[in-house]
file work-v9.txt (compact mmCIF, C-alpha atoms)
# COMPACT_ATOMS: atom_id res chain seq x y z
CA MET B 1 98.16 70.40 112.75
CA ARG B 2 100.80 70.31 115.48
CA VAL B 3 103.49 70.14 112.82
CA LEU B 4 102.17 73.34 111.22
CA TYR B 5 102.08 75.11 114.58
CA ALA B 6 105.63 73.91 115.26
CA ILE B 7 106.83 75.31 111.92
CA ARG B 8 105.32 78.70 112.70
CA TRP B 9 106.82 78.70 116.20
CA LEU B 10 110.29 77.82 114.90
CA ILE B 11 110.15 80.56 112.28
CA GLU B 12 108.96 83.11 114.85
CA CYS B 13 111.85 82.20 117.17
CA GLY B 14 114.43 82.23 114.36
CA VAL B 15 113.41 85.60 112.98
CA GLY B 16 113.07 87.01 116.51
CA LEU B 17 116.74 86.29 117.22
CA LEU B 18 117.68 88.87 114.57
CA ASP B 19 115.48 91.66 115.94
CA PRO B 20 118.37 93.46 117.74
CA LEU B 21 120.18 93.92 114.40
CA PRO B 22 119.59 96.87 112.02
CA PRO B 23 116.64 96.15 109.67
CA LEU B 24 118.74 95.91 106.49
CA VAL B 25 121.22 93.54 108.12
CA SER B 26 118.60 91.24 109.64
CA LEU B 27 116.61 91.14 106.41
CA ALA B 28 119.78 90.41 104.42
CA LEU B 29 120.64 87.47 106.68
CA VAL B 30 117.11 86.09 106.38
CA ALA B 31 117.28 86.48 102.59
CA VAL B 32 120.54 84.53 102.33
CA VAL B 33 119.19 81.72 104.50
CA THR B 34 115.95 81.72 102.48
CA GLY B 35 117.79 81.34 99.17
CA VAL B 36 120.09 78.58 100.42
CA LEU B 37 117.27 76.62 102.05
CA ALA B 38 115.10 76.92 98.94
CA VAL B 39 117.82 75.40 96.78
CA ALA B 40 118.72 72.74 99.36
CA ILE B 41 115.09 71.60 99.68
CA ALA B 42 114.54 71.75 95.92
CA THR B 43 117.59 69.54 95.49
CA ARG B 44 116.12 66.93 97.82
CA VAL B 45 112.55 66.77 96.55
CA SER B 46 112.91 67.51 92.81
CA PRO B 47 113.62 64.78 90.21
CA ARG B 48 117.25 65.71 89.55
CA ARG B 49 117.75 63.64 86.38
CA ARG B 50 114.68 65.07 84.71
CA LEU B 51 115.66 68.52 85.94
CA ALA B 52 119.14 68.19 84.46
CA ARG B 53 117.77 66.86 81.15
CA SER B 54 115.28 69.73 80.91
CA ARG B 55 118.02 72.28 81.62
CA ASP B 56 120.34 70.75 79.00
CA GLN B 57 117.60 70.64 76.38
CA MET B 58 116.75 74.31 77.08
CA ALA B 59 120.38 75.26 76.52
CA ALA B 60 120.50 73.18 73.32
CA ALA B 61 117.38 74.93 71.96
CA ILE B 62 118.92 78.34 72.66
CA PHE B 63 122.15 77.43 70.89
CA GLU B 64 120.18 76.04 67.93
CA MET B 65 118.32 79.34 67.55
CA ARG B 66 121.61 81.24 67.51
CA LEU B 67 123.25 78.86 65.00
CA PHE B 68 120.38 78.74 62.49
CA LEU B 69 119.23 82.35 62.34
CA ASP B 70 119.03 82.07 58.54
CA ALA B 71 116.60 79.11 58.75
CA PRO B 72 113.24 80.36 60.06
CA ARG B 73 111.76 76.87 60.33
CA ARG B 74 114.64 75.66 62.48
CA VAL B 75 114.36 78.73 64.69
CA LEU B 76 110.61 78.25 65.18
CA ALA B 77 111.09 74.56 65.95
CA ALA B 78 113.81 75.42 68.46
CA GLN B 79 111.54 77.98 70.09
CA GLY B 80 108.83 75.34 70.45
CA ARG B 81 111.28 72.92 72.08
CA LEU B 82 112.54 75.67 74.37
CA LEU B 83 108.98 76.35 75.51
CA ALA B 84 108.26 72.65 76.03
CA TRP B 85 111.43 71.98 78.01
CA THR B 86 110.96 75.14 80.05
CA THR B 87 107.52 73.84 81.01
CA SER B 88 109.09 70.52 81.94
CA TYR B 89 111.71 72.30 84.05
CA LEU B 90 109.06 74.28 85.91
CA ALA B 91 106.99 71.13 86.45
CA CYS B 92 110.01 69.55 88.13
CA MET B 93 110.03 72.43 90.61
CA VAL B 94 106.39 71.96 91.65
CA PRO B 95 107.16 69.48 94.49
CA ALA B 96 109.65 71.95 95.97
CA ALA B 97 107.12 74.78 95.68
CA VAL B 98 104.52 72.72 97.54
CA VAL B 99 106.95 71.85 100.33
CA LEU B 100 108.16 75.46 100.67
CA ALA B 101 104.73 77.12 100.48
CA ILE B 102 103.83 76.87 104.17
CA PRO B 103 107.20 77.76 105.78
CA PHE B 104 107.92 80.59 103.32
CA GLY B 105 104.38 81.92 103.63
CA THR B 106 104.77 81.97 107.41
CA LEU B 107 108.18 83.62 107.05
CA PHE B 108 106.63 86.34 104.88
CA LEU B 109 104.08 87.09 107.60
CA GLN B 110 106.79 87.36 110.24
CA LEU B 111 108.87 89.69 108.07
CA GLU B 112 105.80 91.80 107.31
CA LEU B 113 105.34 92.37 111.05
CA ARG B 114 108.86 93.75 111.31
CA HIS B 115 109.50 95.48 107.98
CA GLY B 116 106.10 96.04 106.37
CA ARG B 117 103.93 97.42 109.18
CA ALA B 118 104.87 100.33 111.44
CA PRO B 119 104.07 100.69 115.15
CA ILE B 120 101.34 103.12 116.13
CA ALA B 121 102.73 106.65 116.39
CA ALA B 122 101.54 107.79 119.85
CA PRO B 123 99.61 109.85 120.66
CA ALA B 124 97.03 108.38 118.31
CA THR B 125 93.44 107.17 118.12
CA VAL B 126 92.83 103.65 116.78
CA VAL B 127 89.86 101.33 116.37
CA LEU B 128 89.98 97.86 117.89
CA ARG B 129 87.81 95.26 116.14
CA ILE B 130 86.52 92.27 118.08
CA ALA B 131 85.01 89.53 115.91
CA LEU B 132 82.73 87.15 117.79
CA ALA B 133 81.55 83.64 117.16
CA SER B 134 78.01 83.20 115.93
CA GLY B 135 75.47 83.44 118.74
CA VAL B 136 77.66 85.35 121.21
CA ASP B 137 75.90 88.33 122.79
CA THR B 138 77.59 91.53 121.58
CA GLY B 139 76.34 93.29 124.72
CA SER B 140 78.66 91.14 126.84
CA VAL B 141 81.77 92.61 125.21
CA GLY B 142 83.94 95.02 127.16
CA VAL B 143 87.49 96.39 126.99
CA THR B 144 89.60 97.08 130.07
CA THR B 145 92.60 99.36 129.54
CA ALA B 146 95.74 100.10 131.52
CA HIS B 147 97.88 103.22 131.91
CA GLY B 148 98.56 104.94 128.58
CA VAL B 149 95.43 103.61 126.84
CA ALA B 150 91.81 104.73 127.21
CA VAL B 151 88.44 103.93 125.63
CA THR B 152 87.16 107.24 124.26
CA ALA B 153 83.70 106.39 122.88
CA PRO B 154 80.82 103.95 123.35
CA TYR B 155 81.27 100.59 121.65
CA VAL B 156 79.90 100.27 118.14
CA ILE B 157 78.06 97.04 117.32
CA ALA B 158 77.99 96.04 113.67
CA ALA B 159 74.52 95.36 112.31
CA ASP B 160 75.60 92.95 109.56
CA GLU B 161 78.29 90.95 111.38
CA PRO B 162 78.99 89.61 114.88
CA ALA B 163 81.62 92.23 115.70
CA VAL B 164 82.17 95.05 118.17
CA TYR B 165 84.36 98.11 117.56
CA ALA B 166 86.09 100.08 120.33
CA ARG B 167 87.83 103.43 119.85
CA LEU B 168 91.05 103.65 121.84
CA ARG B 169 93.32 106.57 122.59
CA ILE B 170 97.03 105.69 122.81
CA ASP B 171 98.62 108.48 124.84
CA GLU B 172 102.18 107.24 125.37
CA PRO B 173 104.76 105.31 123.32
CA GLY B 174 105.44 101.77 124.39
CA THR B 175 103.95 98.29 124.31
CA HIS B 176 100.49 98.34 125.91
CA HIS B 177 98.00 95.61 126.79
CA VAL B 178 94.22 95.69 126.96
CA SER B 179 91.87 93.02 128.25
CA ILE B 180 88.80 92.06 126.24
CA HIS B 181 85.96 90.09 127.78
CA ALA B 182 83.08 88.48 125.91
CA ALA B 183 80.59 86.09 127.49
CA SER B 184 82.76 84.26 130.05
CA GLU B 185 86.09 84.70 128.24
CA VAL B 186 88.83 87.21 129.01
CA VAL B 187 91.73 87.60 126.58
CA ASP B 188 94.66 89.98 126.23
CA LYS B 189 95.66 92.05 123.18
CA GLU B 190 99.04 93.68 122.69
CA ILE B 191 99.18 97.17 121.19
CA VAL B 192 102.60 98.25 119.93
CA ALA B 193 103.39 101.96 119.89
CA ALA B 194 107.17 101.69 120.28
CA PRO B 195 109.52 102.53 117.37
CA GLY B 196 111.59 99.68 115.99
CA VAL B 197 109.46 96.91 117.49
CA ARG B 198 107.61 94.25 115.55
CA VAL B 199 103.88 94.85 115.60
CA THR B 200 100.98 92.48 116.35
CA PRO B 201 97.97 93.56 114.26
CA GLU B 202 95.76 90.63 115.20
CA ARG B 203 95.06 87.51 117.22
CA ARG B 204 92.96 84.67 115.84
CA ALA B 205 91.50 81.39 116.98
CA GLY B 206 91.75 77.91 115.51
CA LEU B 207 93.34 77.07 112.19
CA ALA B 208 93.33 80.74 111.13
CA GLN B 209 96.17 81.29 113.61
CA LEU B 210 98.54 79.76 111.06
CA TRP B 211 98.16 82.68 108.65
CA MET B 212 97.36 85.46 111.12
CA SER B 213 99.40 88.66 110.96
CA GLY B 214 100.63 88.66 114.54
CA ALA B 215 103.08 87.05 116.93
CA GLU B 216 100.81 86.55 119.94
CA PRO B 217 99.47 83.13 120.98
CA PRO B 218 96.25 81.98 119.33
CA LEU B 219 92.90 82.61 120.99
CA ALA B 220 91.90 79.50 122.89
CA GLY B 221 88.24 80.18 123.69
CA ASP B 222 85.03 79.84 121.71
CA ALA B 223 83.49 83.31 122.03
CA ILE B 224 86.12 85.52 120.35
CA GLU B 225 87.34 84.55 116.89
CA ARG B 226 89.57 87.50 116.03
CA ILE B 227 90.92 90.71 117.56
CA SER B 228 92.55 93.18 115.17
CA ILE B 229 93.97 96.68 115.20
CA PRO B 230 95.19 98.59 112.10
CA HIS B 231 98.84 99.48 111.53
CA ARG B 232 100.01 101.74 108.73
CA ALA B 233 102.62 100.58 106.23
CA ARG B 234 106.25 101.41 106.89
CA GLY B 235 108.26 103.53 104.49
CA ARG B 236 110.37 101.84 101.87
CA LEU B 237 113.81 100.51 102.71
CA ARG B 238 116.68 102.65 101.48
CA VAL B 239 119.60 100.58 100.24
CA GLY B 240 122.90 102.34 99.63
CA PHE B 241 124.22 105.69 100.80
CA ALA B 242 122.56 107.99 103.32
CA HIS B 243 122.63 110.96 100.94
CA PRO B 244 119.07 111.69 99.69
CA TRP B 245 120.20 111.63 96.05
CA LEU B 246 122.01 108.31 96.33
CA GLY B 247 120.91 104.79 97.11
CA ILE B 248 117.82 102.83 96.08
CA SER B 249 114.40 102.93 97.71
CA MET B 250 112.41 99.69 97.48
CA PRO B 251 109.75 97.65 99.31
CA TRP B 252 111.16 95.31 101.92
CA TRP B 253 109.86 92.21 100.10
CA LEU B 254 111.68 93.16 96.88
CA TYR B 255 114.94 93.46 98.84
CA TRP B 256 114.25 90.07 100.43
CA ILE B 257 113.35 88.33 97.17
CA GLY B 258 116.29 89.90 95.29
CA LEU B 259 118.91 88.83 97.82
CA SER B 260 117.28 85.41 98.18
CA THR B 261 117.45 84.91 94.41
CA ILE B 262 121.11 85.90 94.26
CA ALA B 263 122.01 83.64 97.19
CA GLY B 264 120.01 80.80 95.67
CA LEU B 265 121.67 81.13 92.26
CA VAL B 266 125.14 81.14 93.81
CA PHE B 267 124.33 78.06 95.87
CA ALA B 268 122.57 76.36 92.95
CA ARG B 269 125.70 76.58 90.80
CA ARG B 270 127.47 74.49 93.40
CA GLN B 271 124.57 72.03 93.37
CA ARG B 272 124.33 71.91 89.54
CA MET B 273 120.62 72.75 89.42
call {"tool": "encode", "arguments": {"input": "work-v9.txt", "output": "C-alpha cells"}}
result
Amino acid sequence: MRVLYAIRWLIECGVGLLDPLPPLVSLALVAVVTGVLAVAIATRVSPRRRLARSRDQMAAAIFEMRLFLDAPRRVLAAQGRLLAWTTSYLACMVPAAVVLAIPFGTLFLQLELRHGRAPIAAPATVVLRIALASGVDTGSVGVTTAHGVAVTAPYVIAADEPAVYARLRIDEPGTHHVSIHAASEVVDKEIVAAPGVRVTPERRAGLAQLWMSGAEPPLAGDAIERISIPHRARGRLRVGFAHPWLGISMPWWLYWIGLSTIAGLVFARRQRM
C-alpha cells in the first residue's frame, strides 16, 4: 500500500513541476516522457525473443499476402498466421500493461485535474457533497466558510444514502478553503476558483484515495468517507495557429496519447521492439 501511495505522490510532484509552463508545452513534455517510459519498461518486462519472433512472423505473413495475391488459399493462410502472430505479439505486451496500469492511471488523473476540468468561474453557486460512513449522525455535519464563500441554504440530507449536501456561493476568484465537521472530526476542503490552476474535485479516505480525482491529502478519519464538488469540463485544446480557421481542436487526452505514441515509436525503433 505504501508503494502505491509513493507512486501517486511522485507523479503528483513530477507533474506539478510543469504547472508554470503553458498547457500545451507541459502536456507535450509529459507525453514524450510517457512514451519513452512505456517503451523502456516494456523492454525490461516483456519476453524480447518471443516479441521479436512474433514481429518477424507478422512481417513475413504480410509479405506472403502481397506475393501470392493470385493464390487465394495462400492469402487466407497468411491472414490466419498474421492474426495468430499478432495475438502472440499482444500477449507479450501484457506484462508491461500490468506494470504500467497503476502509474499511468494515476498520471491520467493528475492530467485530468489540470487539462480536463476547469476551475469554478466565480461568482458561482455550487453544491458540496459530504459522504459519511455508515452510522454517522447526519445532523452532526456542518460547514464553516471563510471570506469569499458562504453557505446559502439549509443542508440537504439524502434519504437513501449517508450523505449531506451544502449549497455554497463562491463570490470571488481564488483558492478558498472550507472546514467540514462531522461527529468529532474536522477536515478541510479546497475550492479552486482561480483560472489556470489545477482543480481538486474531491477528497477520499482509505484505499479510494489512490484513484480519487484530487490532489489534496487523503481523509484520515472514520466519519467522512468522501467530500466532492463538481467542476465543469474545460474546452478542447487548440493545436496549431491562433487564427480561428486554422489549427486543430482536440481533447487533451487525444493530444497526450498521440504525442506519447509518436515518442514511443521513435524510441522503440532504437530499441528494436
call {"tool": "atom_distance", "arguments": {"input": "work-v9.txt", "atom1": "atom CA of Leu82 of chain B", "atom2": "atom CA of Ile257 of chain B"}}
result
26.1 Å
call {"tool": "residues_around", "arguments": {"input": "work-v9.txt", "residues": "segment 20-31 of chain B", "least_positions_apart": "5", "cutoff": "6 Å", "atoms": "all atoms listed in the file", "output": "list of chain:residue names"}}
result
B:Trp256, B:Leu259, B:Ser260
call {"tool": "closest_atom_pairs", "arguments": {"input": "work-v9.txt", "of": "segment 209-260 of chain B", "to": "segment 158-173 of chain B", "cutoff": "12 Å", "atoms": "only C-alpha atoms", "output": "tab-separated table"}}
result
residue	atom	partner	partner_atom	distance
B:Ala223	CA	B:Pro162	CA	10.5
B:Ile224	CA	B:Ala163	CA	9.3
B:Glu225	CA	B:Ala163	CA	9.6
B:Arg226	CA	B:Ala163	CA	9.3
B:Ile227	CA	B:Ala163	CA	9.6
B:Ser228	CA	B:Tyr165	CA	9.9
B:Ile229	CA	B:Tyr165	CA	10.0
B:Pro230	CA	B:Leu168	CA	11.7
call {"tool": "residues_near_point", "arguments": {"input": "work-v9.txt", "point": "(94.6, 88.4, 123.6)", "cutoff": "7 Å", "atoms": "all atoms listed in the file", "output": "ChimeraX atom specification"}}
result
/B:187-190,203,219
call {"tool": "closest_residue", "arguments": {"input": "work-v9.txt", "among": "B:Ser184, B:Gln110, B:Ser46, B:Ser140", "to": "Val94 of chain B", "atoms": "all atoms listed in the file"}}
result
B:Ser46
call {"tool": "atom_distance", "arguments": {"input": "work-v9.txt", "atom1": "atom CA of Met58 of chain B", "atom2": "atom CA of Trp85 of chain B"}}
result
5.9 Å
call {"tool": "residues_around", "arguments": {"input": "work-v9.txt", "residues": "Thr145 of chain B", "least_positions_apart": "2", "cutoff": "7 Å", "atoms": "all atoms listed in the file", "output": "JSON, numbers by chain"}}
result
{"B": [143, 147, 149, 150, 178, 179]}
call {"tool": "closest_residue", "arguments": {"input": "work-v9.txt", "among": "B:Leu51, B:Leu37, B:Met250, B:Val3", "to": "Leu237 of chain B", "atoms": "all atoms listed in the file"}}
result
B:Met250
call {"tool": "closest_residue", "arguments": {"input": "work-v9.txt", "among": "B:Ala208, B:Pro195, B:Val39, B:Asp70", "to": "Ile262 of chain B", "atoms": "only C-alpha atoms"}}
result
B:Val39
call {"tool": "closest_residue", "arguments": {"input": "work-v9.txt", "among": "B:Val192, B:Leu207, B:Pro47, B:Val75", "to": "Ala60 of chain B", "atoms": "all atoms listed in the file"}}
result
B:Val75
call {"tool": "atom_distance", "arguments": {"input": "work-v9.txt", "atom1": "atom CA of Ile130 of chain B", "atom2": "atom CA of Ser213 of chain B"}}
result
15.2 Å
call {"tool": "residues_near_point", "arguments": {"input": "work-v9.txt", "point": "(106.5, 76.1, 101.4)", "cutoff": "12 Å", "atoms": "only C-alpha atoms", "output": "list in words"}}
result
Leu4, Ile7, Arg8, Thr34, Leu37, Ala38, Ile41, Ala42, Met93, Val94, Pro95, Ala96, Ala97, Val98, Val99, Leu100, Ala101, Ile102, Pro103, Phe104, Gly105, Thr106, Leu107 and Phe108 of chain B
call {"tool": "closest_atom_pairs", "arguments": {"input": "work-v9.txt", "of": "segment 139-198 of chain B", "to": "segment 114-118 of chain B", "cutoff": "10 Å", "atoms": "all atoms listed in the file", "output": "Markdown table"}}
result
| residue | atom | partner | partner_atom | distance |
| --- | --- | --- | --- | --- |
| B:Val192 | CA | B:Ala118 | CA | 9.0 |
| B:Ala193 | CA | B:Ala118 | CA | 8.7 |
| B:Ala194 | CA | B:Ala118 | CA | 9.2 |
| B:Pro195 | CA | B:Ala118 | CA | 7.9 |
| B:Gly196 | CA | B:Arg114 | CA | 8.0 |
| B:Val197 | CA | B:Arg114 | CA | 7.0 |
| B:Arg198 | CA | B:Arg114 | CA | 4.4 |
call {"tool": "closest_residue", "arguments": {"input": "work-v9.txt", "among": "B:Ala52, B:Leu18, B:Ala233, B:Ala146", "to": "Glu112 of chain B", "atoms": "all atoms listed in the file"}}
result
B:Ala233
call {"tool": "closest_residue", "arguments": {"input": "work-v9.txt", "among": "B:Gly139, B:Thr200, B:His177, B:Ala133", "to": "Asp222 of chain B", "atoms": "only C-alpha atoms"}}
result
B:Ala133
call {"tool": "axis_aligned_box", "arguments": {"input": "work-v9.txt", "around": "segment 146-149 of chain B", "padding_each_side": "5 Å", "output": "AutoDock Vina command-line options"}}
result
--center_x 97.0 --center_y 102.5 --center_z 129.4 --size_x 13.1 --size_y 14.8 --size_z 15.1
call {"tool": "build_atoms", "arguments": {"input": "work-v9.txt", "residues": "segment 56-90 of chain B", "atoms": "N, CA and C atoms", "output": "PDB file, in the coordinates of the input"}}
result
ATOM      1  N   ASP B  56     119.448  70.950  80.143  1.00  0.00           N
ATOM      2  CA  ASP B  56     120.340  70.750  79.000  1.00  0.00           C
ATOM      3  C   ASP B  56     119.605  70.959  77.678  1.00  0.00           C
ATOM      4  N   GLN B  57     118.366  70.485  77.613  1.00  0.00           N
ATOM      5  CA  GLN B  57     117.600  70.640  76.380  1.00  0.00           C
ATOM      6  C   GLN B  57     117.231  72.116  76.154  1.00  0.00           C
ATOM      7  N   MET B  58     116.999  72.873  77.222  1.00  0.00           N
ATOM      8  CA  MET B  58     116.750  74.310  77.080  1.00  0.00           C
ATOM      9  C   MET B  58     117.982  75.006  76.505  1.00  0.00           C
ATOM     10  N   ALA B  59     119.148  74.659  77.027  1.00  0.00           N
ATOM     11  CA  ALA B  59     120.380  75.260  76.520  1.00  0.00           C
ATOM     12  C   ALA B  59     120.612  74.882  75.062  1.00  0.00           C
ATOM     13  N   ALA B  60     120.315  73.623  74.707  1.00  0.00           N
ATOM     14  CA  ALA B  60     120.500  73.180  73.320  1.00  0.00           C
ATOM     15  C   ALA B  60     119.573  73.956  72.377  1.00  0.00           C
ATOM     16  N   ALA B  61     118.324  74.193  72.796  1.00  0.00           N
ATOM     17  CA  ALA B  61     117.380  74.930  71.960  1.00  0.00           C
ATOM     18  C   ALA B  61     117.857  76.374  71.757  1.00  0.00           C
ATOM     19  N   ILE B  62     118.415  76.967  72.786  1.00  0.00           N
ATOM     20  CA  ILE B  62     118.920  78.340  72.660  1.00  0.00           C
ATOM     21  C   ILE B  62     120.091  78.400  71.690  1.00  0.00           C
ATOM     22  N   PHE B  63     121.010  77.459  71.809  1.00  0.00           N
ATOM     23  CA  PHE B  63     122.150  77.430  70.890  1.00  0.00           C
ATOM     24  C   PHE B  63     121.702  77.184  69.448  1.00  0.00           C
ATOM     25  N   GLU B  64     120.684  76.322  69.277  1.00  0.00           N
ATOM     26  CA  GLU B  64     120.180  76.040  67.930  1.00  0.00           C
ATOM     27  C   GLU B  64     119.596  77.299  67.295  1.00  0.00           C
ATOM     28  N   MET B  65     118.876  78.098  68.092  1.00  0.00           N
ATOM     29  CA  MET B  65     118.320  79.340  67.550  1.00  0.00           C
ATOM     30  C   MET B  65     119.426  80.303  67.116  1.00  0.00           C
ATOM     31  N   ARG B  66     120.502  80.332  67.851  1.00  0.00           N
ATOM     32  CA  ARG B  66     121.610  81.240  67.510  1.00  0.00           C
ATOM     33  C   ARG B  66     122.379  80.744  66.290  1.00  0.00           C
ATOM     34  N   LEU B  67     122.468  79.418  66.115  1.00  0.00           N
ATOM     35  CA  LEU B  67     123.250  78.860  65.000  1.00  0.00           C
ATOM     36  C   LEU B  67     122.492  78.927  63.678  1.00  0.00           C
ATOM     37  N   PHE B  68     121.168  78.840  63.720  1.00  0.00           N
ATOM     38  CA  PHE B  68     120.380  78.740  62.490  1.00  0.00           C
ATOM     39  C   PHE B  68     119.456  79.944  62.329  1.00  0.00           C
ATOM     40  N   LEU B  69     120.019  81.137  62.509  1.00  0.00           N
ATOM     41  CA  LEU B  69     119.230  82.350  62.340  1.00  0.00           C
ATOM     42  C   LEU B  69     118.721  82.528  60.915  1.00  0.00           C
ATOM     43  N   ASP B  70     119.429  81.931  59.944  1.00  0.00           N
ATOM     44  CA  ASP B  70     119.030  82.070  58.540  1.00  0.00           C
ATOM     45  C   ASP B  70     118.026  80.995  58.114  1.00  0.00           C
ATOM     46  N   ALA B  71     117.577  80.152  59.059  1.00  0.00           N
ATOM     47  CA  ALA B  71     116.600  79.110  58.750  1.00  0.00           C
ATOM     48  C   ALA B  71     115.389  79.303  59.666  1.00  0.00           C
ATOM     49  N   PRO B  72     114.392  80.038  59.200  1.00  0.00           N
ATOM     50  CA  PRO B  72     113.240  80.360  60.060  1.00  0.00           C
ATOM     51  C   PRO B  72     112.541  79.127  60.630  1.00  0.00           C
ATOM     52  N   ARG B  73     112.444  78.057  59.830  1.00  0.00           N
ATOM     53  CA  ARG B  73     111.760  76.870  60.330  1.00  0.00           C
ATOM     54  C   ARG B  73     112.520  76.258  61.505  1.00  0.00           C
ATOM     55  N   ARG B  74     113.835  76.212  61.392  1.00  0.00           N
ATOM     56  CA  ARG B  74     114.640  75.660  62.480  1.00  0.00           C
ATOM     57  C   ARG B  74     114.510  76.518  63.741  1.00  0.00           C
ATOM     58  N   VAL B  75     114.477  77.827  63.545  1.00  0.00           N
ATOM     59  CA  VAL B  75     114.360  78.730  64.690  1.00  0.00           C
ATOM     60  C   VAL B  75     113.006  78.539  65.381  1.00  0.00           C
ATOM     61  N   LEU B  76     111.929  78.451  64.605  1.00  0.00           N
ATOM     62  CA  LEU B  76     110.610  78.250  65.180  1.00  0.00           C
ATOM     63  C   LEU B  76     110.516  76.910  65.914  1.00  0.00           C
ATOM     64  N   ALA B  77     111.100  75.868  65.298  1.00  0.00           N
ATOM     65  CA  ALA B  77     111.090  74.560  65.950  1.00  0.00           C
ATOM     66  C   ALA B  77     111.879  74.590  67.255  1.00  0.00           C
ATOM     67  N   ALA B  78     113.011  75.305  67.243  1.00  0.00           N
ATOM     68  CA  ALA B  78     113.810  75.420  68.460  1.00  0.00           C
ATOM     69  C   ALA B  78     113.065  76.198  69.531  1.00  0.00           C
ATOM     70  N   GLN B  79     112.334  77.224  69.128  1.00  0.00           N
ATOM     71  CA  GLN B  79     111.540  77.980  70.090  1.00  0.00           C
ATOM     72  C   GLN B  79     110.455  77.106  70.729  1.00  0.00           C
ATOM     73  N   GLY B  80     109.844  76.251  69.919  1.00  0.00           N
ATOM     74  CA  GLY B  80     108.830  75.340  70.450  1.00  0.00           C
ATOM     75  C   GLY B  80     109.436  74.371  71.456  1.00  0.00           C
ATOM     76  N   ARG B  81     110.622  73.828  71.132  1.00  0.00           N
ATOM     77  CA  ARG B  81     111.280  72.920  72.080  1.00  0.00           C
ATOM     78  C   ARG B  81     111.705  73.655  73.350  1.00  0.00           C
ATOM     79  N   LEU B  82     112.153  74.889  73.189  1.00  0.00           N
ATOM     80  CA  LEU B  82     112.540  75.670  74.370  1.00  0.00           C
ATOM     81  C   LEU B  82     111.335  75.870  75.297  1.00  0.00           C
ATOM     82  N   LEU B  83     110.185  76.172  74.714  1.00  0.00           N
ATOM     83  CA  LEU B  83     108.980  76.350  75.510  1.00  0.00           C
ATOM     84  C   LEU B  83     108.579  75.047  76.200  1.00  0.00           C
ATOM     85  N   ALA B  84     108.655  73.942  75.466  1.00  0.00           N
ATOM     86  CA  ALA B  84     108.260  72.650  76.030  1.00  0.00           C
ATOM     87  C   ALA B  84     109.189  72.235  77.170  1.00  0.00           C
ATOM     88  N   TRP B  85     110.492  72.380  76.972  1.00  0.00           N
ATOM     89  CA  TRP B  85     111.430  71.980  78.010  1.00  0.00           C
ATOM     90  C   TRP B  85     111.436  72.945  79.188  1.00  0.00           C
ATOM     91  N   THR B  86     111.111  74.204  78.935  1.00  0.00           N
ATOM     92  CA  THR B  86     110.960  75.140  80.050  1.00  0.00           C
ATOM     93  C   THR B  86     109.767  74.739  80.913  1.00  0.00           C
ATOM     94  N   THR B  87     108.687  74.326  80.261  1.00  0.00           N
ATOM     95  CA  THR B  87     107.520  73.840  81.010  1.00  0.00           C
ATOM     96  C   THR B  87     107.878  72.610  81.823  1.00  0.00           C
ATOM     97  N   SER B  88     108.657  71.718  81.222  1.00  0.00           N
ATOM     98  CA  SER B  88     109.090  70.520  81.940  1.00  0.00           C
ATOM     99  C   SER B  88     109.960  70.879  83.142  1.00  0.00           C
ATOM    100  N   TYR B  89     110.837  71.868  82.958  1.00  0.00           N
ATOM    101  CA  TYR B  89     111.710  72.300  84.050  1.00  0.00           C
ATOM    102  C   TYR B  89     110.886  72.867  85.213  1.00  0.00           C
ATOM    103  N   LEU B  90     109.909  73.693  84.873  1.00  0.00           N
ATOM    104  CA  LEU B  90     109.060  74.280  85.910  1.00  0.00           C
ATOM    105  C   LEU B  90     108.216  73.212  86.607  1.00  0.00           C
TER     106      LEU B  90
END
